[in-house]
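Written below as structure tokens is the structure these notes are about.
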Amino acid sequence: MAEYYQGTVLPMKDFDAERASDSLRKSMEGLGTDEKRITRELSQHCNAQRQEIAAEYKTKFGRDLVEDLKSELKGDCEKLCCALMVPSSEYDAVLLHQAIKNLGTDDQRLIDIICTASNDKILKMKEVYRELYGVDLAADIDSDTSGHFQRILLTQLVGNRDDCTQHYHKKSKEDAQKLYDVGEGRFGTEEDVFNHILGSRSYAHLRHIFYYYKKISGDEIETAIEGETSSSLQKALLAIVKIVKDRPAYFAEQIYNSMKGLGTDDDSLISLIVSHSEIDMVQIKKAFLTKYNTFMESMIKDDCSGDYCDLLLAVIGADD
């Protein structure tokens, strides 16, 4: 049975691009900026409607909406507004390019996007990445990462994961035994076997591999991965396992991690919330509450402030 997901940002009914563009222009004319009006217009329209608003804004006023937002806003509020204005079809490619080309590679962002994507999404990402930056995404990954972490990313980027919804008991048992034999069942670990099985088997098949692995080992597959691998490879393999078991719970964990402890990783928080606002944020919020016994809205209020906080709350549907 297909899983059902729902976003917190939905298309506005009775959409009027001219009215919205007029409202945004009014929010930035003259002295001062009406941040509340900007928050309302950006959060109450889906991304496709925002693109129409930007086009109407350009036509009517001869100005670039994103550039005007940049000139009127600052800090994390500016970053969030600009992220909301990137076309959905381009957003993953833009985030991947930033993760690779900024100072130091953001391995976690590569994992969150590449290791959790469907075949169709991966193929689209690669196509858009080449259109935007004139180079293959795999080539950039190859030059900016190394070792077994590089291999799992490149395996995922092939976009050849089996998408069959059936599973075969015999094959599941065999794969579970292989994982045990090259990990907990011996001294040293053959990471390539983990990469191949976790990176290519269907989600339905992997669920049964995990079931049989526990019967063989007595431990969950996560325990083996944590004991037999390390660093970014470990995070990538665990991401695949967690996505297979409970996709919303994985992204709830990543949003929580972006805010826990001293200081907030606002770049990660923004990218996660914008990426999922129209896809599965309703389910992520429920998973967040279940996993951490607190509302996502409450943690955002504790960690963020001002117009930035207000816009984050509006995007995740804090009033729902």
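Labels for the structure tokens follow display order: chains A, B, ..., residues from 1 in each chain, ligands from 1.
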
> region 7-188 of chain A: which residues are alpha helix (DSSP H) by DSSP, as a ChimeraX atom specification?
Replying inline: /A:17-28,35-43,47-61,65-72,75-85,88-101,107-114,119-133,137-144,147-157,169-182

> Could you pull the residues within 9 Å of Glu278 (chain A), counting only C-alpha atoms, minus those fewer than 6 positions along the same chain, as JSON, numbers by chain?
Replying inline: {"A": [6, 7, 8, 9, 10, 46, 47]}

> Suppose you want the space between CA of Ala138 (chain A) and CA of Leu154 (chain A); what is it in Å?
Replying inline: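 Computed distance, CA of Ala138 (chain A) to CA of Leu154 (chain A), equals 6.4 Å.
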
> From the list A:Ile240, A:Val315, A:Ile225, A:Ala48, which residue is nearest Ala117 (chain A) when using only C-alpha atoms?
Replying inline: A:Ile240

>> So that I can see what lies close to Met259 (chain A), please list as JSON, numbers by chain the residues with an atom at most 10 Å from it, counting only C-alpha atoms and leaving out residues fewer than 6 positions away in the same chain.
In response: {"A": [265, 266, 268, 269, 299, 300, 302, 303, 304]}

Residues from last step as file, N, CA and C atoms, as a CSV table (one decimal), in the first residue's frame:
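Dumped everything to result11.csv:
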```
chain,number,residue,atom,x,y,z
A,265,ASP,N,21.8,25.4,13.7
A,265,ASP,CA,22.3,25.3,12.3
A,265,ASP,C,21.2,25.8,11.4
A,266,ASP,N,21.2,27.1,11.2
A,266,ASP,CA,20.0,27.7,10.5
A,266,ASP,C,20.0,27.3,9.0
A,268,SER,N,20.9,24.4,7.7
A,268,SER,CA,20.2,23.1,7.7
A,268,SER,C,18.7,23.1,8.0
A,269,LEU,N,18.4,23.9,9.0
A,269,LEU,CA,17.0,24.0,9.4
A,269,LEU,C,16.2,24.6,8.2
A,299,MET,N,10.0,24.1,19.7
A,299,MET,CA,11.4,24.2,19.7
A,299,MET,C,11.9,25.3,18.8
A,300,ILE,N,11.2,25.6,17.7
A,300,ILE,CA,11.5,26.7,16.8
A,300,ILE,C,11.4,28.0,17.6
A,302,ASP,N,11.8,28.5,20.7
A,302,ASP,CA,12.9,28.5,21.7
A,302,ASP,C,14.2,28.9,21.0
A,303,ASP,N,14.4,28.4,19.8
A,303,ASP,CA,15.7,28.5,19.1
A,303,ASP,C,15.8,29.7,18.1
A,304,CYS,N,14.7,30.2,17.7
A,304,CYS,CA,14.7,31.3,16.7
A,304,CYS,C,13.9,32.5,17.2
```
